[in-house]
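Printed here is start.cif (mmCIF, C-alpha atoms (C1' of nucleotides)):
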data_target
#
loop_
_atom_site.label_atom_id
_atom_site.label_comp_id
_atom_site.auth_asym_id
_atom_site.auth_seq_id
_atom_site.Cartn_x
_atom_site.Cartn_y
_atom_site.Cartn_z
CA MET A 273 -76.80 26.21 -19.82
CA MET A 274 -75.54 27.87 -22.95
CA VAL A 275 -74.50 27.07 -26.51
CA LYS A 276 -75.48 23.50 -26.90
CA HIS A 277 -76.27 23.43 -30.56
CA THR A 278 -72.79 22.03 -31.13
CA GLY A 279 -73.58 18.68 -29.57
CA ARG A 280 -70.41 19.04 -27.53
CA PRO A 281 -71.18 18.40 -23.86
CA GLY A 282 -71.62 21.51 -21.77
CA TYR A 283 -68.90 20.75 -19.27
CA LEU A 284 -66.42 20.28 -22.11
CA GLN A 285 -67.48 23.55 -23.69
CA ILE A 286 -66.75 25.30 -20.42
CA ALA A 287 -63.44 23.46 -20.10
CA ASP A 288 -62.58 24.42 -23.67
CA ASP A 289 -63.31 28.06 -23.01
CA LEU A 290 -61.28 28.18 -19.82
CA ARG A 291 -58.44 26.32 -21.52
CA ALA A 292 -58.48 28.87 -24.32
CA GLN A 293 -58.36 31.71 -21.82
CA ILE A 294 -55.37 30.11 -20.14
CA ARG A 295 -53.59 29.44 -23.40
CA GLY A 296 -54.41 32.94 -24.61
CA GLY A 297 -53.06 34.58 -21.51
CA ALA A 298 -56.36 36.02 -20.36
CA LEU A 299 -55.80 33.85 -17.32
CA ALA A 300 -52.13 34.18 -16.48
CA PRO A 301 -50.10 31.61 -14.56
CA GLY A 302 -50.70 32.00 -10.87
CA ALA A 303 -53.95 33.81 -11.43
CA PRO A 304 -57.09 32.43 -9.83
CA LEU A 305 -60.06 31.32 -11.85
CA PRO A 306 -63.38 32.87 -10.94
CA SER A 307 -65.06 30.97 -8.16
CA THR A 308 -67.26 28.03 -8.96
CA ALA A 309 -70.36 30.08 -8.24
CA GLN A 310 -69.16 32.93 -10.44
CA LEU A 311 -68.37 30.60 -13.31
CA ALA A 312 -71.77 28.98 -12.98
CA GLU A 313 -73.46 32.34 -13.35
CA GLN A 314 -71.07 33.49 -16.06
CA TYR A 315 -71.77 30.46 -18.26
CA ASP A 316 -75.36 30.18 -17.12
CA ALA A 317 -74.58 26.61 -16.08
CA SER A 318 -75.20 24.50 -13.03
CA LEU A 319 -72.61 24.19 -10.31
CA SER A 320 -72.20 20.54 -11.25
CA LEU A 321 -71.17 21.36 -14.79
CA VAL A 322 -68.61 23.89 -13.61
CA LYS A 323 -67.15 21.43 -11.13
CA MET A 324 -66.87 18.83 -13.87
CA ALA A 325 -65.19 21.33 -16.20
CA VAL A 326 -62.68 22.32 -13.52
CA GLY A 327 -62.14 18.66 -12.81
CA VAL A 328 -61.14 18.10 -16.42
CA LEU A 329 -58.62 20.95 -16.28
CA ARG A 330 -57.28 19.59 -13.01
CA THR A 331 -56.82 16.16 -14.54
CA GLU A 332 -55.08 17.78 -17.48
CA GLY A 333 -52.78 19.53 -15.04
CA LEU A 334 -53.58 23.01 -16.31
CA VAL A 335 -54.84 24.23 -12.97
CA VAL A 336 -54.38 23.38 -9.33
CA GLY A 337 -57.10 23.68 -6.76
CA GLN A 338 -56.40 24.89 -3.27
CA GLN A 339 -59.15 24.09 -0.86
CA GLY A 340 -60.62 27.17 0.70
CA LYS A 341 -58.74 29.57 -1.55
CA GLY A 342 -59.44 28.93 -5.20
CA VAL A 343 -58.29 27.28 -8.40
CA PHE A 344 -55.08 28.66 -9.84
CA VAL A 345 -53.46 28.49 -13.25
CA ARG A 346 -50.26 26.53 -13.09
CA ASP A 347 -46.99 27.94 -14.33
CA ALA A 348 -46.12 26.99 -17.87
CA ALA A 349 -42.77 25.81 -16.51
CA GLU A 350 -44.34 23.27 -14.23
CA THR A 351 -46.85 22.30 -16.89
CA PRO A 352 -45.00 20.93 -19.89
CA ALA A 353 -48.39 19.44 -20.66
CA ASP A 354 -50.33 22.63 -21.18
CA GLU A 355 -50.10 22.72 -24.92
CA ILE A 356 -50.23 18.96 -24.97
CA ALA A 357 -53.44 18.89 -23.00
CA GLU A 358 -55.13 20.86 -25.71
CA LEU A 359 -53.84 18.57 -28.42
CA ARG A 360 -54.73 15.54 -26.41
CA ALA A 361 -58.29 16.77 -26.00
CA ALA A 362 -58.54 17.38 -29.73
CA VAL A 363 -57.08 13.99 -30.60
CA GLN A 364 -59.36 12.24 -28.18
CA GLU A 365 -62.43 13.93 -29.55
CA LEU A 366 -61.38 13.03 -33.07
CA SER A 367 -60.86 9.44 -31.98
CA VAL A 368 -64.35 9.21 -30.63
CA ARG A 369 -65.91 10.77 -33.69
CA LEU A 370 -63.88 8.60 -36.04
CA ALA A 371 -64.66 5.44 -34.10
CA ARG A 372 -68.34 6.22 -34.35
CA VAL A 373 -68.17 6.87 -38.07
CA GLU A 374 -66.14 3.72 -38.68
CA GLU A 375 -68.60 1.64 -36.75
CA GLN A 376 -71.48 3.11 -38.67
CA LEU A 377 -69.69 2.49 -41.91
CA ALA A 378 -68.83 -1.08 -40.99
CA THR A 379 -72.43 -2.03 -40.31
CA SER A 380 -73.80 -0.24 -43.34
CA THR A 381 -71.38 -1.91 -45.74
CA GLU A 382 -71.83 -5.48 -44.55
CA ARG A 383 -71.81 -7.69 -47.57
CA PRO A 384 -75.16 -9.33 -48.24
CA SER A 385 -74.21 -13.02 -48.55
CA MET B 254 -67.62 2.99 -1.21
CA MET B 255 -65.27 0.67 0.70
CA VAL B 256 -61.95 1.37 -0.80
CA LYS B 257 -58.80 2.10 1.12
CA HIS B 258 -59.00 4.37 4.08
CA THR B 259 -56.12 6.48 2.87
CA GLY B 260 -56.50 10.16 2.19
CA ARG B 261 -56.74 9.52 -1.52
CA PRO B 262 -60.23 10.09 -2.94
CA GLY B 263 -62.12 6.96 -3.87
CA TYR B 264 -62.60 7.81 -7.53
CA LEU B 265 -58.85 8.35 -7.89
CA GLN B 266 -58.12 5.04 -6.19
CA ILE B 267 -60.36 3.30 -8.72
CA ALA B 268 -58.75 5.23 -11.57
CA ASP B 269 -55.31 4.30 -10.22
CA ASP B 270 -56.20 0.63 -10.09
CA LEU B 271 -57.64 0.57 -13.59
CA ARG B 272 -54.65 2.52 -14.89
CA ALA B 273 -52.33 0.01 -13.30
CA GLN B 274 -54.22 -2.84 -14.93
CA ILE B 275 -53.90 -1.14 -18.29
CA ARG B 276 -50.21 -0.37 -17.87
CA GLY B 277 -49.60 -3.86 -16.58
CA GLY B 278 -51.31 -5.50 -19.49
CA ALA B 279 -54.11 -7.07 -17.47
CA LEU B 280 -56.35 -4.92 -19.62
CA ALA B 281 -54.89 -5.16 -23.12
CA PRO B 282 -55.37 -2.53 -25.82
CA GLY B 283 -58.72 -2.99 -27.48
CA ALA B 284 -60.07 -4.90 -24.53
CA PRO B 285 -63.24 -3.65 -22.85
CA LEU B 286 -63.31 -2.59 -19.24
CA PRO B 287 -65.96 -4.24 -17.10
CA SER B 288 -69.23 -2.38 -17.30
CA THR B 289 -69.77 0.48 -14.90
CA ALA B 290 -72.25 -1.62 -12.96
CA GLN B 291 -69.73 -4.45 -12.67
CA LEU B 292 -66.98 -2.07 -11.60
CA ALA B 293 -69.26 -0.55 -8.99
CA GLU B 294 -69.90 -3.95 -7.49
CA GLN B 295 -66.28 -5.02 -7.86
CA TYR B 296 -64.97 -2.01 -5.95
CA ASP B 297 -68.03 -1.82 -3.72
CA ALA B 298 -68.41 1.75 -4.85
CA SER B 299 -71.27 3.87 -6.08
CA LEU B 300 -71.98 4.24 -9.77
CA SER B 301 -71.04 7.89 -9.47
CA LEU B 302 -67.54 7.10 -8.29
CA VAL B 303 -67.01 4.63 -11.10
CA LYS B 304 -68.23 7.12 -13.67
CA MET B 305 -65.87 9.72 -12.28
CA ALA B 306 -62.96 7.28 -12.35
CA VAL B 307 -63.67 6.33 -15.96
CA GLY B 308 -64.01 10.01 -16.75
CA VAL B 309 -60.49 10.60 -15.47
CA LEU B 310 -59.10 7.83 -17.65
CA ARG B 311 -61.02 9.21 -20.62
CA THR B 312 -59.55 12.65 -20.04
CA GLU B 313 -56.12 11.08 -19.80
CA GLY B 314 -56.76 9.40 -23.14
CA LEU B 315 -56.13 5.92 -21.79
CA VAL B 316 -59.58 4.64 -22.73
CA VAL B 317 -62.30 5.47 -25.19
CA GLY B 318 -65.97 4.99 -24.45
CA GLN B 319 -68.44 3.82 -27.04
CA GLN B 320 -72.01 4.49 -26.13
CA GLY B 321 -74.07 1.32 -25.92
CA LYS B 322 -71.06 -0.96 -26.17
CA GLY B 323 -68.49 -0.29 -23.51
CA VAL B 324 -65.26 1.43 -22.58
CA PHE B 325 -62.17 0.18 -24.40
CA VAL B 326 -58.47 0.43 -23.75
CA ARG B 327 -56.78 2.59 -26.33
CA ASP B 328 -53.89 1.32 -28.40
CA ALA B 329 -51.80 4.31 -27.39
CA ALA B 330 -51.82 3.12 -23.81
CA GLU B 331 -48.27 1.80 -24.08
CA THR B 332 -46.63 5.10 -24.95
CA PRO B 333 -45.78 6.67 -21.63
CA ALA B 334 -42.60 8.44 -22.62
CA ASP B 335 -42.82 11.22 -25.15
CA GLU B 336 -46.25 12.72 -25.23
CA ILE B 337 -45.57 14.80 -28.31
CA ALA B 338 -44.48 11.71 -30.18
CA GLU B 339 -47.56 9.99 -28.92
CA LEU B 340 -49.78 12.76 -30.17
CA ARG B 341 -48.00 12.91 -33.50
CA ALA B 342 -48.52 9.20 -33.91
CA ALA B 343 -52.13 9.58 -32.89
CA VAL B 344 -52.70 12.31 -35.45
CA GLN B 345 -51.00 10.19 -38.08
CA GLU B 346 -53.18 7.23 -37.27
CA LEU B 347 -56.30 9.35 -37.23
CA SER B 348 -55.40 10.74 -40.63
CA VAL B 349 -55.04 7.27 -42.09
CA ARG B 350 -58.28 6.06 -40.59
CA LEU B 351 -60.09 9.18 -41.68
CA ALA B 352 -58.80 8.83 -45.23
CA ARG B 353 -59.96 5.23 -45.35
CA VAL B 354 -63.38 6.12 -44.01
CA GLU B 355 -63.76 8.95 -46.47
CA GLU B 356 -62.81 6.60 -49.26
CA GLN B 357 -65.39 4.03 -48.24
CA LEU B 358 -67.97 6.71 -47.76
CA ALA B 359 -67.39 8.04 -51.25
CA THR B 360 -67.69 4.63 -52.90
CA SER B 361 -70.69 3.56 -50.85
CA THR B 362 -72.64 6.66 -51.73
CA GLU B 363 -72.16 6.21 -55.44
CA ARG B 364 -74.98 3.74 -55.31
CA PRO B 365 -77.54 4.79 -52.73
CA SER B 366 -79.49 1.97 -51.06
"C1'" DG C 289 -55.04 46.15 21.77
"C1'" DT C 290 -55.45 41.60 20.93
"C1'" DA C 291 -56.71 36.88 21.31
"C1'" DG C 292 -60.11 33.94 19.99
"C1'" DC C 293 -64.28 32.78 18.04
"C1'" DC C 294 -67.30 32.65 14.23
"C1'" DA C 295 -69.79 33.39 9.97
"C1'" DA C 296 -69.17 33.43 5.09
"C1'" DC C 297 -66.83 31.92 1.54
"C1'" DA C 298 -63.94 28.64 -1.03
"C1'" DT C 299 -62.70 23.81 -3.15
"C1'" DA C 300 -63.40 18.89 -2.83
"C1'" DG C 301 -65.73 14.40 -2.41
"C1'" DT C 302 -69.76 11.45 -2.47
"C1'" DT C 303 -74.25 9.86 -3.62
"C1'" DA C 304 -78.53 9.51 -6.00
"C1'" DA C 305 -81.76 10.37 -9.46
"C1'" DC C 306 -83.26 11.25 -13.99
"C1'" DC C 307 -82.66 11.55 -18.83
"C1'" DT C 308 -80.59 10.56 -23.53
"C1'" DA C 309 -79.00 7.40 -26.72
"C1'" DG C 310 -76.56 3.45 -28.92
"C1'" DT C 311 -76.29 -1.90 -28.98
"C1'" DT C 312 -77.90 -6.49 -28.96
"C1'" DG C 313 -80.47 -10.46 -28.90
"C1'" DG C 314 -84.72 -12.65 -28.56
"C1'" DC C 315 -89.58 -12.92 -29.37
"C1'" DT C 316 -93.70 -12.23 -31.97
"C1'" DC C 317 -96.43 -12.07 -35.87
"C1'" DA C 318 -97.54 -11.74 -40.64
"C1'" DT D 178 -88.83 -17.87 -42.92
"C1'" DG D 179 -87.93 -13.32 -41.95
"C1'" DA D 180 -88.95 -8.56 -40.82
"C1'" DG D 181 -89.67 -5.78 -37.18
"C1'" DC D 182 -90.44 -4.60 -32.66
"C1'" DC D 183 -89.03 -4.63 -27.93
"C1'" DA D 184 -86.73 -5.35 -23.56
"C1'" DA D 185 -82.37 -5.31 -21.29
"C1'" DC D 186 -78.23 -4.07 -21.51
"C1'" DT D 187 -74.52 -0.24 -22.33
"C1'" DA D 188 -72.14 4.70 -21.75
"C1'" DG D 189 -72.86 9.56 -21.29
"C1'" DG D 190 -74.80 14.07 -19.61
"C1'" DT D 191 -77.07 16.92 -16.19
"C1'" DT D 192 -78.69 18.34 -11.82
"C1'" DA D 193 -79.14 18.60 -6.92
"C1'" DA D 194 -78.16 17.75 -2.22
"C1'" DC D 195 -75.20 16.78 1.39
"C1'" DT D 196 -70.76 16.49 3.71
"C1'" DA D 197 -65.97 17.66 4.72
"C1'" DT D 198 -62.46 20.88 5.10
"C1'" DG D 199 -59.54 24.89 4.42
"C1'" DT D 200 -59.33 30.24 4.35
"C1'" DT D 201 -60.32 34.80 5.69
"C1'" DG D 202 -61.95 38.75 7.80
"C1'" DG D 203 -64.68 40.85 11.16
"C1'" DC D 204 -66.64 41.08 15.65
"C1'" DT D 205 -66.64 40.32 20.45
"C1'" DA D 206 -64.93 39.80 24.94
"C1'" DC D 207 -61.37 40.37 28.01
#
Any chance you could give the structure as structure tokens?
Amino acid sequence: MMVKHTGRPGYLQIADDLRAQIRGGALAPGAPLPSTAQLAEQYDASLSLVKMAVGVLRTEGLVVGQQGKGVFVRDAAETPADEIAELRAAVQELSVRLARVEEQLATSTERPS
Amino acid sequence: MMVKHTGRPGYLQIADDLRAQIRGGALAPGAPLPSTAQLAEQYDASLSLVKMAVGVLRTEGLVVGQQGKGVFVRDAAETPADEIAELRAAVQELSVRLARVEEQLATSTERPS
DNA sequence: GTAGCCAACATAGTTAACCTAGTTGGCTCA
DNA sequence: TGAGCCAACTAGGTTAACTATGTTGGCTAC
């Protein structure tokens, strides 16, 4: 696998990168993503990680998989959630981080007696 | 794996059911989902399927997992309509929480130990 | 020539195993 | 008593193997 020093899970890093490529136009609507095997080699990741990353993008509605053919970028028209997906991912990550910090803070500031 | 014998994948059926429970109020905001082991037994499914189902809900932002504690229904679960408004509200809330945490952090570090 | 088969490729779903790491409550021992 | 360790929970991440199924292009047999 690659850049892990960020603590962000590998499959989310891959999803982030693909999402950025879609948002940036490097992967245009209708265009196919590289195959699972190609992505695995490209990111030096296991097939499992790539499948999980694609699964995230599928759940977000950014891409649509067609069995036997490939995974294709959805049209911006039919994905009013493309920009939202990115924001939602960011907000969710912030929520997790904040929840962790709050918890840590709550336990460390418990009043003695 | 013993879920319905429809064409719908098992992990999506589990995610659907949990989502319905959240939307229906059976799982209130802040409430914890049953543990993955309990869900696996409850749905007579493998741990893998349950983890995938929870992963979908996490990606959707319906729940937030806290390592070591559980998976909890998010407060924003009742905002189905305008996703942008939802995200704006989420950002607003995160800002407030972050400000409060930073405040507490600053005061608590004035006196180490 | 062409109809049909078939191998190679693709996504998708499922399961299991192993590891990391945070939480909690109880037990032991000084 | 109480401080600290420890066992049993918890979610999360990673990998691998197997199956199912759809697509495509080439080869073969007629």
(request) Determine the nearest neighbour of chain A from the options C:DA300, C:DT290, C:DT312, C:DA305, counting all atoms listed in the file. (result) C:DA300
(request) To one decimal in Å, tell me the separation between atom CA of B:Val317 and atom CA of A:Leu305. (result)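 It comes out at 29.2 Å.
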(request) I would like the residues chosen by the PyMOL selection byres ((chain D and resi 181-186) around 9) on the shown file; could you give them as a list in words? (result)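 Against this file, the PyMOL selection byres ((chain D and resi 181-186) around 9) returns the residues Gly321 of chain B; DT311, DT312, DC315 and DT316 of chain C; DA180 and DT187 of chain D.
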(message) Distance cut-off 9 Å, counting only C-alpha atoms (C1' of nucleotides) - which residues of chain A neighbour chain D? Return them as a ChimeraX atom specification.
(response) /A:281-283,318-321,338-341
(request) Quote the spacing between atom CA of B:Gly283 and atom CA of B:Met305 in Å to one decimal place. (result)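 A separation of 21.1 Å between them.
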(request) Pick out the chain C residues within 12 Å of chain A. Count all atoms listed in the file. Give them as an NGL selection string. (result) :C and (296-301 or 310-311)
